[in-house]
Amino acid sequence: MRFAHPWFLLGLLLLPVLAWLRGRQGGQPAFLYSSVALVKGIAGVTRSHVGAILRRLRWLTLALIIIGLARPQLGVGEAKVKATGIDIVVALDLSGSMRSEDFQLRNQPANRLDVAKEVLKAFVRKRTDDRIGLVAFAGRPYIAAPPTLDHDFLLETIDRLNLGTIEDGTAIGSALSAAVNRLREVPGRSRIVILMTDGQNNAGKVPPLTAAEAAQALAVKVYTIGVGTRGKAPYPVVNPLGRKEYRQVDVDIDEETLRQIAQRTGGAYYRATDTAGLRSIYDEIDRLEKTEVEAKKFQRHLELFPLVVLPAFIILMLEIILSQTVWRRLP
């Protein structure tokens, strides 16, 4: 039990003083007489305690309000928080082939990019203590977000990623090089790259395996993910009548190169052929990449403010009702 604003409790010390001052001053008389001899016959009538009860209700109301302003809180549990201290850059393919709808999202057909964004956001929410950056690439890479602990900003950036914003192509080597360069500027205990693509390197100036050698030299581990079903996938196109239709296109992922990149850097290669598979891949990476830096404790507190102020309101209403009905005083 604690008070978030304990200084308000000093107001409780003022209540006895105010009550004493009010008692010395006395209440407002109901009748004025020119001589006490006129009421001599009723001088022995027993005094009613109704007024005192009403005053006590009012003082109790004030006391409860002061306690409520001090914000009483009750500790309801303790948990350990472990900081992982890992720097991560995700390289996400935005090439046109990511438009293929061979995945599902909420039981509806969805393209590869929408599913990749959804799964990536869930991964980011789990890694609360990691700095995470984002490289988007197609025919060339660009830094969508540097490694940051501001995950709200990162989630908004992921939502803004759209197909067609970069010239088409698949610059895997250049994207990996850009991701590794971002990690070189952010030294940390553990640094990894997660590279997702659904094609082969056909653009950019850096060969993928050359970028992998640079990652190996900087001790950056690379996890590569090939995204797409096996065989053919439905690709949406607009026909001359303006209607959406699908064409079956070949799924052509350079798995051998992605596998070599992962092996050279100490990472792993995964193939995601459906939404559940992609989620499980990120879950496995989440389990593998945890390095405890320090553990600290926190306690969650339950606000008791309503439990104090509500009785104060009820007592105040009771005092007003009684003073205007059964315990009403003469004016």
# chains A, B, ... in the order shown; residues from 1 in each chain; ligands from 1
$ residues_around --residues "Pro236 in chain A" --least-positions-apart "6" --cutoff "9 Å" --atoms "only C-alpha atoms" --output "VMD selection string"
chain A and resid 99 to 101 244 to 248
$ residues_around --residues "range 218-230 of chain A" --least-positions-apart "5" --cutoff "6 Å" --atoms "only C-alpha atoms" --output "MDAnalysis selection string"
chainID A and resid 191:198 258 262 265:273
$ write_last_selection --atoms "N, CA and C atoms" --output "mmCIF file, in the first residue's frame"
data_model
loop_
_atom_site.group_PDB
_atom_site.id
_atom_site.type_symbol
_atom_site.label_atom_id
_atom_site.label_comp_id
_atom_site.auth_asym_id
_atom_site.auth_seq_id
_atom_site.Cartn_x
_atom_site.Cartn_y
_atom_site.Cartn_z
ATOM 1 N N ARG A 191 24.352 -8.732 -32.650
ATOM 2 C CA ARG A 191 23.779 -8.011 -33.797
ATOM 3 C C ARG A 191 23.338 -9.029 -34.844
ATOM 4 N N ILE A 192 22.101 -8.873 -35.290
ATOM 5 C CA ILE A 192 21.577 -9.810 -36.281
ATOM 6 C C ILE A 192 20.831 -9.055 -37.376
ATOM 7 N N VAL A 193 20.749 -9.712 -38.538
ATOM 8 C CA VAL A 193 19.938 -9.234 -39.666
ATOM 9 C C VAL A 193 18.929 -10.318 -39.999
ATOM 10 N N ILE A 194 17.690 -9.920 -40.210
ATOM 11 C CA ILE A 194 16.662 -10.834 -40.710
ATOM 12 C C ILE A 194 16.302 -10.363 -42.112
ATOM 13 N N LEU A 195 16.605 -11.182 -43.111
ATOM 14 C CA LEU A 195 16.382 -10.798 -44.508
ATOM 15 C C LEU A 195 15.260 -11.645 -45.096
ATOM 16 N N MET A 196 14.197 -10.979 -45.531
ATOM 17 C CA MET A 196 13.048 -11.668 -46.147
ATOM 18 C C MET A 196 12.952 -11.303 -47.620
ATOM 19 N N THR A 197 12.882 -12.319 -48.477
ATOM 20 C CA THR A 197 12.750 -12.071 -49.912
ATOM 21 C C THR A 197 12.003 -13.219 -50.565
ATOM 22 N N ASP A 198 11.445 -12.951 -51.734
ATOM 23 C CA ASP A 198 10.732 -14.010 -52.463
ATOM 24 C C ASP A 198 11.311 -14.214 -53.860
ATOM 25 N N LEU A 258 20.597 -17.878 -50.378
ATOM 26 C CA LEU A 258 20.117 -17.507 -49.044
ATOM 27 C C LEU A 258 20.673 -18.455 -47.986
ATOM 28 N N ALA A 262 23.317 -17.445 -44.783
ATOM 29 C CA ALA A 262 23.059 -17.808 -43.387
ATOM 30 C C ALA A 262 24.197 -18.648 -42.822
ATOM 31 N N THR A 265 27.453 -16.675 -41.928
ATOM 32 C CA THR A 265 27.360 -15.705 -40.824
ATOM 33 C C THR A 265 26.917 -16.336 -39.509
ATOM 34 N N GLY A 266 26.677 -17.654 -39.513
ATOM 35 C CA GLY A 266 26.251 -18.312 -38.286
ATOM 36 C C GLY A 266 24.769 -18.233 -38.023
ATOM 37 N N GLY A 267 24.006 -17.867 -39.041
ATOM 38 C CA GLY A 267 22.561 -17.781 -38.883
ATOM 39 C C GLY A 267 21.875 -19.043 -39.361
ATOM 40 N N ALA A 268 20.696 -18.881 -39.941
ATOM 41 C CA ALA A 268 19.941 -20.029 -40.438
ATOM 42 C C ALA A 268 19.046 -19.576 -41.574
ATOM 43 N N TYR A 269 18.758 -20.509 -42.488
ATOM 44 C CA TYR A 269 17.835 -20.227 -43.589
ATOM 45 C C TYR A 269 16.506 -20.920 -43.320
ATOM 46 N N TYR A 270 15.398 -20.210 -43.621
ATOM 47 C CA TYR A 270 14.049 -20.754 -43.437
ATOM 48 C C TYR A 270 13.253 -20.538 -44.716
ATOM 49 N N ARG A 271 12.302 -21.426 -44.937
ATOM 50 C CA ARG A 271 11.384 -21.259 -46.068
ATOM 51 C C ARG A 271 9.961 -21.162 -45.503
ATOM 52 N N ALA A 272 9.300 -20.058 -45.798
ATOM 53 C CA ALA A 272 7.926 -19.837 -45.339
ATOM 54 C C ALA A 272 6.990 -19.997 -46.521
ATOM 55 N N THR A 273 6.186 -21.053 -46.498
ATOM 56 C CA THR A 273 5.253 -21.310 -47.590
ATOM 57 C C THR A 273 3.820 -20.904 -47.245
#
$ closest_residue --among "A:Leu163, A:Gly139, A:Gln200, A:Glu319" --to "Ile53 in chain A" --atoms "only C-alpha atoms"
A:Glu319
$ select_by_dssp --residues "range 103-261 of chain A" --states "helix (DSSP H, G or I)" --output "PDB file with N, CA and C atoms, in the first residue's frame"
ATOM      1  N   ARG A 112       1.981 -11.423 -50.049  1.00  0.00           N
ATOM      2  CA  ARG A 112       3.124 -11.743 -49.186  1.00  0.00           C
ATOM      3  C   ARG A 112       3.540 -10.556 -48.322  1.00  0.00           C
ATOM      4  N   LEU A 113       3.466  -9.351 -48.863  1.00  0.00           N
ATOM      5  CA  LEU A 113       3.899  -8.192 -48.092  1.00  0.00           C
ATOM      6  C   LEU A 113       2.988  -7.942 -46.899  1.00  0.00           C
ATOM      7  N   ASP A 114       1.679  -8.011 -47.094  1.00  0.00           N
ATOM      8  CA  ASP A 114       0.757  -7.777 -45.985  1.00  0.00           C
ATOM      9  C   ASP A 114       0.974  -8.769 -44.849  1.00  0.00           C
ATOM     10  N   VAL A 115       1.190 -10.030 -45.211  1.00  0.00           N
ATOM     11  CA  VAL A 115       1.432 -11.048 -44.177  1.00  0.00           C
ATOM     12  C   VAL A 115       2.778 -10.807 -43.503  1.00  0.00           C
ATOM     13  N   ALA A 116       3.806 -10.480 -44.296  1.00  0.00           N
ATOM     14  CA  ALA A 116       5.129 -10.215 -43.723  1.00  0.00           C
ATOM     15  C   ALA A 116       5.081  -9.040 -42.753  1.00  0.00           C
ATOM     16  N   LYS A 117       4.341  -7.990 -43.083  1.00  0.00           N
ATOM     17  CA  LYS A 117       4.217  -6.833 -42.199  1.00  0.00           C
ATOM     18  C   LYS A 117       3.507  -7.213 -40.897  1.00  0.00           C
ATOM     19  N   GLU A 118       2.444  -8.002 -41.024  1.00  0.00           N
ATOM     20  CA  GLU A 118       1.682  -8.400 -39.835  1.00  0.00           C
ATOM     21  C   GLU A 118       2.539  -9.235 -38.882  1.00  0.00           C
ATOM     22  N   VAL A 119       3.273 -10.184 -39.423  1.00  0.00           N
ATOM     23  CA  VAL A 119       4.116 -11.046 -38.592  1.00  0.00           C
ATOM     24  C   VAL A 119       5.285 -10.256 -38.011  1.00  0.00           C
ATOM     25  N   LEU A 120       5.839  -9.355 -38.789  1.00  0.00           N
ATOM     26  CA  LEU A 120       6.953  -8.537 -38.305  1.00  0.00           C
ATOM     27  C   LEU A 120       6.519  -7.638 -37.155  1.00  0.00           C
ATOM     28  N   LYS A 121       5.337  -7.068 -37.241  1.00  0.00           N
ATOM     29  CA  LYS A 121       4.855  -6.209 -36.155  1.00  0.00           C
ATOM     30  C   LYS A 121       4.686  -6.995 -34.859  1.00  0.00           C
ATOM     31  N   ALA A 122       4.205  -8.228 -34.967  1.00  0.00           N
ATOM     32  CA  ALA A 122       4.075  -9.068 -33.774  1.00  0.00           C
ATOM     33  C   ALA A 122       5.453  -9.357 -33.177  1.00  0.00           C
ATOM     34  N   PHE A 123       6.448  -9.567 -34.024  1.00  0.00           N
ATOM     35  CA  PHE A 123       7.816  -9.810 -33.560  1.00  0.00           C
ATOM     36  C   PHE A 123       8.366  -8.582 -32.842  1.00  0.00           C
ATOM     37  N   VAL A 124       8.135  -7.412 -33.395  1.00  0.00           N
ATOM     38  CA  VAL A 124       8.631  -6.168 -32.788  1.00  0.00           C
ATOM     39  C   VAL A 124       8.015  -5.968 -31.402  1.00  0.00           C
ATOM     40  N   ARG A 125       6.725  -6.250 -31.270  1.00  0.00           N
ATOM     41  CA  ARG A 125       6.062  -6.059 -29.975  1.00  0.00           C
ATOM     42  C   ARG A 125       6.647  -6.974 -28.897  1.00  0.00           C
ATOM     43  N   LYS A 126       7.172  -8.129 -29.285  1.00  0.00           N
ATOM     44  CA  LYS A 126       7.774  -9.036 -28.311  1.00  0.00           C
ATOM     45  C   LYS A 126       9.139  -8.549 -27.849  1.00  0.00           C
ATOM     46  N   HIS A 151       9.663   1.766 -30.539  1.00  0.00           N
ATOM     47  CA  HIS A 151       8.955   0.754 -31.325  1.00  0.00           C
ATOM     48  C   HIS A 151       7.618   1.256 -31.849  1.00  0.00           C
ATOM     49  N   ASP A 152       7.028   2.251 -31.210  1.00  0.00           N
ATOM     50  CA  ASP A 152       5.797   2.836 -31.751  1.00  0.00           C
ATOM     51  C   ASP A 152       6.069   3.465 -33.112  1.00  0.00           C
ATOM     52  N   PHE A 153       7.173   4.211 -33.206  1.00  0.00           N
ATOM     53  CA  PHE A 153       7.573   4.792 -34.495  1.00  0.00           C
ATOM     54  C   PHE A 153       7.852   3.691 -35.512  1.00  0.00           C
ATOM     55  N   LEU A 154       8.519   2.631 -35.068  1.00  0.00           N
ATOM     56  CA  LEU A 154       8.854   1.541 -35.978  1.00  0.00           C
ATOM     57  C   LEU A 154       7.597   0.854 -36.506  1.00  0.00           C
ATOM     58  N   LEU A 155       6.620   0.619 -35.647  1.00  0.00           N
ATOM     59  CA  LEU A 155       5.373  -0.016 -36.083  1.00  0.00           C
ATOM     60  C   LEU A 155       4.627   0.856 -37.083  1.00  0.00           C
ATOM     61  N   GLU A 156       4.637   2.167 -36.856  1.00  0.00           N
ATOM     62  CA  GLU A 156       4.003   3.081 -37.817  1.00  0.00           C
ATOM     63  C   GLU A 156       4.728   3.038 -39.158  1.00  0.00           C
ATOM     64  N   THR A 157       6.064   2.944 -39.118  1.00  0.00           N
ATOM     65  CA  THR A 157       6.850   2.872 -40.358  1.00  0.00           C
ATOM     66  C   THR A 157       6.525   1.598 -41.125  1.00  0.00           C
ATOM     67  N   ILE A 158       6.402   0.477 -40.420  1.00  0.00           N
ATOM     68  CA  ILE A 158       6.051  -0.785 -41.086  1.00  0.00           C
ATOM     69  C   ILE A 158       4.691  -0.665 -41.770  1.00  0.00           C
ATOM     70  N   ASP A 159       3.735  -0.031 -41.098  1.00  0.00           N
ATOM     71  CA  ASP A 159       2.401   0.144 -41.692  1.00  0.00           C
ATOM     72  C   ASP A 159       2.457   0.956 -42.978  1.00  0.00           C
ATOM     73  N   ARG A 160       3.406   1.880 -43.064  1.00  0.00           N
ATOM     74  CA  ARG A 160       3.479   2.765 -44.242  1.00  0.00           C
ATOM     75  C   ARG A 160       4.166   2.122 -45.440  1.00  0.00           C
ATOM     76  N   ILE A 172      19.210  -8.068 -53.344  1.00  0.00           N
ATOM     77  CA  ILE A 172      19.455  -8.752 -52.080  1.00  0.00           C
ATOM     78  C   ILE A 172      20.805  -8.354 -51.487  1.00  0.00           C
ATOM     79  N   GLY A 173      21.866  -8.364 -52.320  1.00  0.00           N
ATOM     80  CA  GLY A 173      23.201  -8.021 -51.834  1.00  0.00           C
ATOM     81  C   GLY A 173      23.270  -6.596 -51.303  1.00  0.00           C
ATOM     82  N   SER A 174      22.708  -5.644 -52.038  1.00  0.00           N
ATOM     83  CA  SER A 174      22.739  -4.243 -51.604  1.00  0.00           C
ATOM     84  C   SER A 174      21.920  -4.049 -50.328  1.00  0.00           C
ATOM     85  N   ALA A 175      20.797  -4.759 -50.225  1.00  0.00           N
ATOM     86  CA  ALA A 175      19.969  -4.654 -49.021  1.00  0.00           C
ATOM     87  C   ALA A 175      20.709  -5.192 -47.802  1.00  0.00           C
ATOM     88  N   LEU A 176      21.365  -6.333 -47.955  1.00  0.00           N
ATOM     89  CA  LEU A 176      22.118  -6.904 -46.845  1.00  0.00           C
ATOM     90  C   LEU A 176      23.278  -5.994 -46.451  1.00  0.00           C
ATOM     91  N   SER A 177      23.936  -5.429 -47.434  1.00  0.00           N
ATOM     92  CA  SER A 177      25.042  -4.512 -47.160  1.00  0.00           C
ATOM     93  C   SER A 177      24.553  -3.286 -46.381  1.00  0.00           C
ATOM     94  N   ALA A 178      23.401  -2.730 -46.793  1.00  0.00           N
ATOM     95  CA  ALA A 178      22.850  -1.572 -46.096  1.00  0.00           C
ATOM     96  C   ALA A 178      22.477  -1.920 -44.653  1.00  0.00           C
ATOM     97  N   ALA A 179      21.916  -3.107 -44.450  1.00  0.00           N
ATOM     98  CA  ALA A 179      21.533  -3.530 -43.102  1.00  0.00           C
ATOM     99  C   ALA A 179      22.760  -3.706 -42.218  1.00  0.00           C
ATOM    100  N   VAL A 180      23.808  -4.323 -42.758  1.00  0.00           N
ATOM    101  CA  VAL A 180      25.036  -4.537 -41.987  1.00  0.00           C
ATOM    102  C   VAL A 180      25.690  -3.200 -41.641  1.00  0.00           C
ATOM    103  N   ASN A 181      25.665  -2.258 -42.568  1.00  0.00           N
ATOM    104  CA  ASN A 181      26.245  -0.938 -42.297  1.00  0.00           C
ATOM    105  C   ASN A 181      25.526  -0.233 -41.151  1.00  0.00           C
ATOM    106  N   ARG A 182      24.221  -0.399 -41.065  1.00  0.00           N
ATOM    107  CA  ARG A 182      23.486   0.217 -39.953  1.00  0.00           C
ATOM    108  C   ARG A 182      23.909  -0.400 -38.631  1.00  0.00           C
ATOM    109  N   LEU A 183      24.189  -1.682 -38.616  1.00  0.00           N
ATOM    110  CA  LEU A 183      24.603  -2.334 -37.375  1.00  0.00           C
ATOM    111  C   LEU A 183      26.049  -2.009 -37.018  1.00  0.00           C
ATOM    112  N   ARG A 184      26.861  -1.726 -38.020  1.00  0.00           N
ATOM    113  CA  ARG A 184      28.257  -1.354 -37.741  1.00  0.00           C
ATOM    114  C   ARG A 184      28.311  -0.044 -36.966  1.00  0.00           C
ATOM    115  N   PRO A 208      25.363 -10.785 -53.315  1.00  0.00           N
ATOM    116  CA  PRO A 208      24.895 -11.234 -51.995  1.00  0.00           C
ATOM    117  C   PRO A 208      25.979 -11.880 -51.142  1.00  0.00           C
ATOM    118  N   LEU A 209      26.830 -12.728 -51.726  1.00  0.00           N
ATOM    119  CA  LEU A 209      27.840 -13.408 -50.932  1.00  0.00           C
ATOM    120  C   LEU A 209      28.962 -12.465 -50.488  1.00  0.00           C
ATOM    121  N   THR A 210      29.188 -11.410 -51.238  1.00  0.00           N
ATOM    122  CA  THR A 210      30.154 -10.395 -50.809  1.00  0.00           C
ATOM    123  C   THR A 210      29.621  -9.661 -49.572  1.00  0.00           C
ATOM    124  N   ALA A 211      28.323  -9.355 -49.602  1.00  0.00           N
ATOM    125  CA  ALA A 211      27.710  -8.725 -48.434  1.00  0.00           C
ATOM    126  C   ALA A 211      27.738  -9.670 -47.241  1.00  0.00           C
ATOM    127  N   ALA A 212      27.590 -10.976 -47.502  1.00  0.00           N
ATOM    128  CA  ALA A 212      27.643 -11.954 -46.422  1.00  0.00           C
ATOM    129  C   ALA A 212      29.034 -11.993 -45.795  1.00  0.00           C
ATOM    130  N   GLU A 213      30.081 -11.859 -46.610  1.00  0.00           N
ATOM    131  CA  GLU A 213      31.452 -11.827 -46.078  1.00  0.00           C
ATOM    132  C   GLU A 213      31.655 -10.618 -45.172  1.00  0.00           C
ATOM    133  N   ALA A 214      31.081  -9.474 -45.569  1.00  0.00           N
ATOM    134  CA  ALA A 214      31.187  -8.280 -44.729  1.00  0.00           C
ATOM    135  C   ALA A 214      30.475  -8.493 -43.396  1.00  0.00           C
ATOM    136  N   ALA A 215      29.306  -9.129 -43.443  1.00  0.00           N
ATOM    137  CA  ALA A 215      28.573  -9.428 -42.208  1.00  0.00           C
ATOM    138  C   ALA A 215      29.370 -10.365 -41.320  1.00  0.00           C
ATOM    139  N   GLN A 216      30.017 -11.362 -41.933  1.00  0.00           N
ATOM    140  CA  GLN A 216      30.820 -12.309 -41.169  1.00  0.00           C
ATOM    141  C   GLN A 216      31.992 -11.603 -40.499  1.00  0.00           C
ATOM    142  N   ALA A 217      32.629 -10.674 -41.208  1.00  0.00           N
ATOM    143  CA  ALA A 217      33.773  -9.953 -40.659  1.00  0.00           C
ATOM    144  C   ALA A 217      33.374  -9.077 -39.473  1.00  0.00           C
ATOM    145  N   GLU A 255      17.201 -20.156 -53.153  1.00  0.00           N
ATOM    146  CA  GLU A 255      17.392 -20.738 -51.821  1.00  0.00           C
ATOM    147  C   GLU A 255      18.859 -21.058 -51.540  1.00  0.00           C
ATOM    148  N   GLU A 256      19.591 -21.457 -52.552  1.00  0.00           N
ATOM    149  CA  GLU A 256      20.994 -21.815 -52.332  1.00  0.00           C
ATOM    150  C   GLU A 256      21.798 -20.613 -51.850  1.00  0.00           C
ATOM    151  N   THR A 257      21.593 -19.453 -52.493  1.00  0.00           N
ATOM    152  CA  THR A 257      22.319 -18.255 -52.064  1.00  0.00           C
ATOM    153  C   THR A 257      21.893 -17.830 -50.659  1.00  0.00           C
ATOM    154  N   LEU A 258      20.597 -17.878 -50.378  1.00  0.00           N
ATOM    155  CA  LEU A 258      20.117 -17.507 -49.044  1.00  0.00           C
ATOM    156  C   LEU A 258      20.673 -18.455 -47.986  1.00  0.00           C
ATOM    157  N   ARG A 259      20.796 -19.723 -48.355  1.00  0.00           N
ATOM    158  CA  ARG A 259      21.341 -20.714 -47.412  1.00  0.00           C
ATOM    159  C   ARG A 259      22.830 -20.442 -47.155  1.00  0.00           C
ATOM    160  N   GLN A 260      23.563 -20.086 -48.190  1.00  0.00           N
ATOM    161  CA  GLN A 260      24.996 -19.797 -48.022  1.00  0.00           C
ATOM    162  C   GLN A 260      25.212 -18.545 -47.180  1.00  0.00           C
ATOM    163  N   ILE A 261      24.368 -17.521 -47.380  1.00  0.00           N
ATOM    164  CA  ILE A 261      24.487 -16.306 -46.571  1.00  0.00           C
ATOM    165  C   ILE A 261      24.327 -16.641 -45.093  1.00  0.00           C
TER     166      ILE A 261
END
$ residues_around --residues "Asn202 in chain A" --least-positions-apart "3" --cutoff "7 Å" --atoms "only C-alpha atoms" --output "ChimeraX atom specification"
/A:169-171
$ select_by_dssp --residues "range 44-198 of chain A" --states "strand (DSSP E)" --output "VMD selection string"
chain A and resid 72 to 82 86 to 93 103 to 105 108 to 110 131 to 137 141 to 148 190 to 197
$ write_last_selection --atoms "C-alpha atoms" --output "compact mmCIF listing (two decimals), in the first residue's frame"
# COMPACT_ATOMS: atom_id res chain seq x y z
CA PRO A 72 -3.74 5.36 -2.61
CA GLN A 73 -2.33 2.39 -4.53
CA LEU A 74 -2.14 -1.30 -3.71
CA GLY A 75 0.71 -3.46 -4.98
CA VAL A 76 -0.71 -6.49 -6.76
CA GLY A 77 2.32 -8.39 -7.98
CA GLU A 78 5.96 -8.52 -8.90
CA ALA A 79 7.62 -9.66 -12.12
CA LYS A 80 11.09 -9.87 -13.59
CA VAL A 81 12.03 -7.94 -16.71
CA LYS A 82 15.04 -9.14 -18.69
CA ILE A 86 20.27 -7.20 -29.12
CA ASP A 87 20.50 -4.93 -32.17
CA ILE A 88 18.36 -6.14 -35.07
CA VAL A 89 17.86 -4.88 -38.61
CA VAL A 90 15.11 -6.39 -40.75
CA ALA A 91 15.55 -6.23 -44.53
CA LEU A 92 12.13 -6.55 -46.18
CA ASP A 93 11.59 -7.19 -49.89
CA PHE A 103 -0.83 -16.49 -48.18
CA GLN A 104 -3.84 -15.97 -45.94
CA LEU A 105 -4.59 -13.35 -43.31
CA GLN A 108 -8.79 -14.26 -46.42
CA PRO A 109 -6.31 -14.40 -49.34
CA ALA A 110 -3.48 -11.93 -48.76
CA ARG A 131 16.96 -1.78 -30.85
CA ILE A 132 15.34 -2.69 -34.16
CA GLY A 133 15.86 -1.07 -37.55
CA LEU A 134 14.25 -1.57 -40.95
CA VAL A 135 15.66 -1.66 -44.49
CA ALA A 136 13.14 -1.83 -47.34
CA PHE A 137 14.41 -2.88 -50.73
CA PRO A 141 17.59 -0.47 -50.65
CA TYR A 142 16.62 2.45 -48.45
CA ILE A 143 16.72 2.93 -44.69
CA ALA A 144 13.10 3.02 -43.51
CA ALA A 145 14.10 3.22 -39.83
CA PRO A 146 17.49 3.17 -38.10
CA PRO A 147 17.91 0.82 -35.12
CA THR A 148 15.72 2.32 -32.42
CA SER A 190 24.68 -9.21 -30.31
CA ARG A 191 23.78 -8.01 -33.80
CA ILE A 192 21.58 -9.81 -36.28
CA VAL A 193 19.94 -9.23 -39.67
CA ILE A 194 16.66 -10.83 -40.71
CA LEU A 195 16.38 -10.80 -44.51
CA MET A 196 13.05 -11.67 -46.15
CA THR A 197 12.75 -12.07 -49.91
$ atom_distance --atom1 "CA of Gly199 in chain A" --atom2 "CA of Gly96 in chain A"
10.0 Å
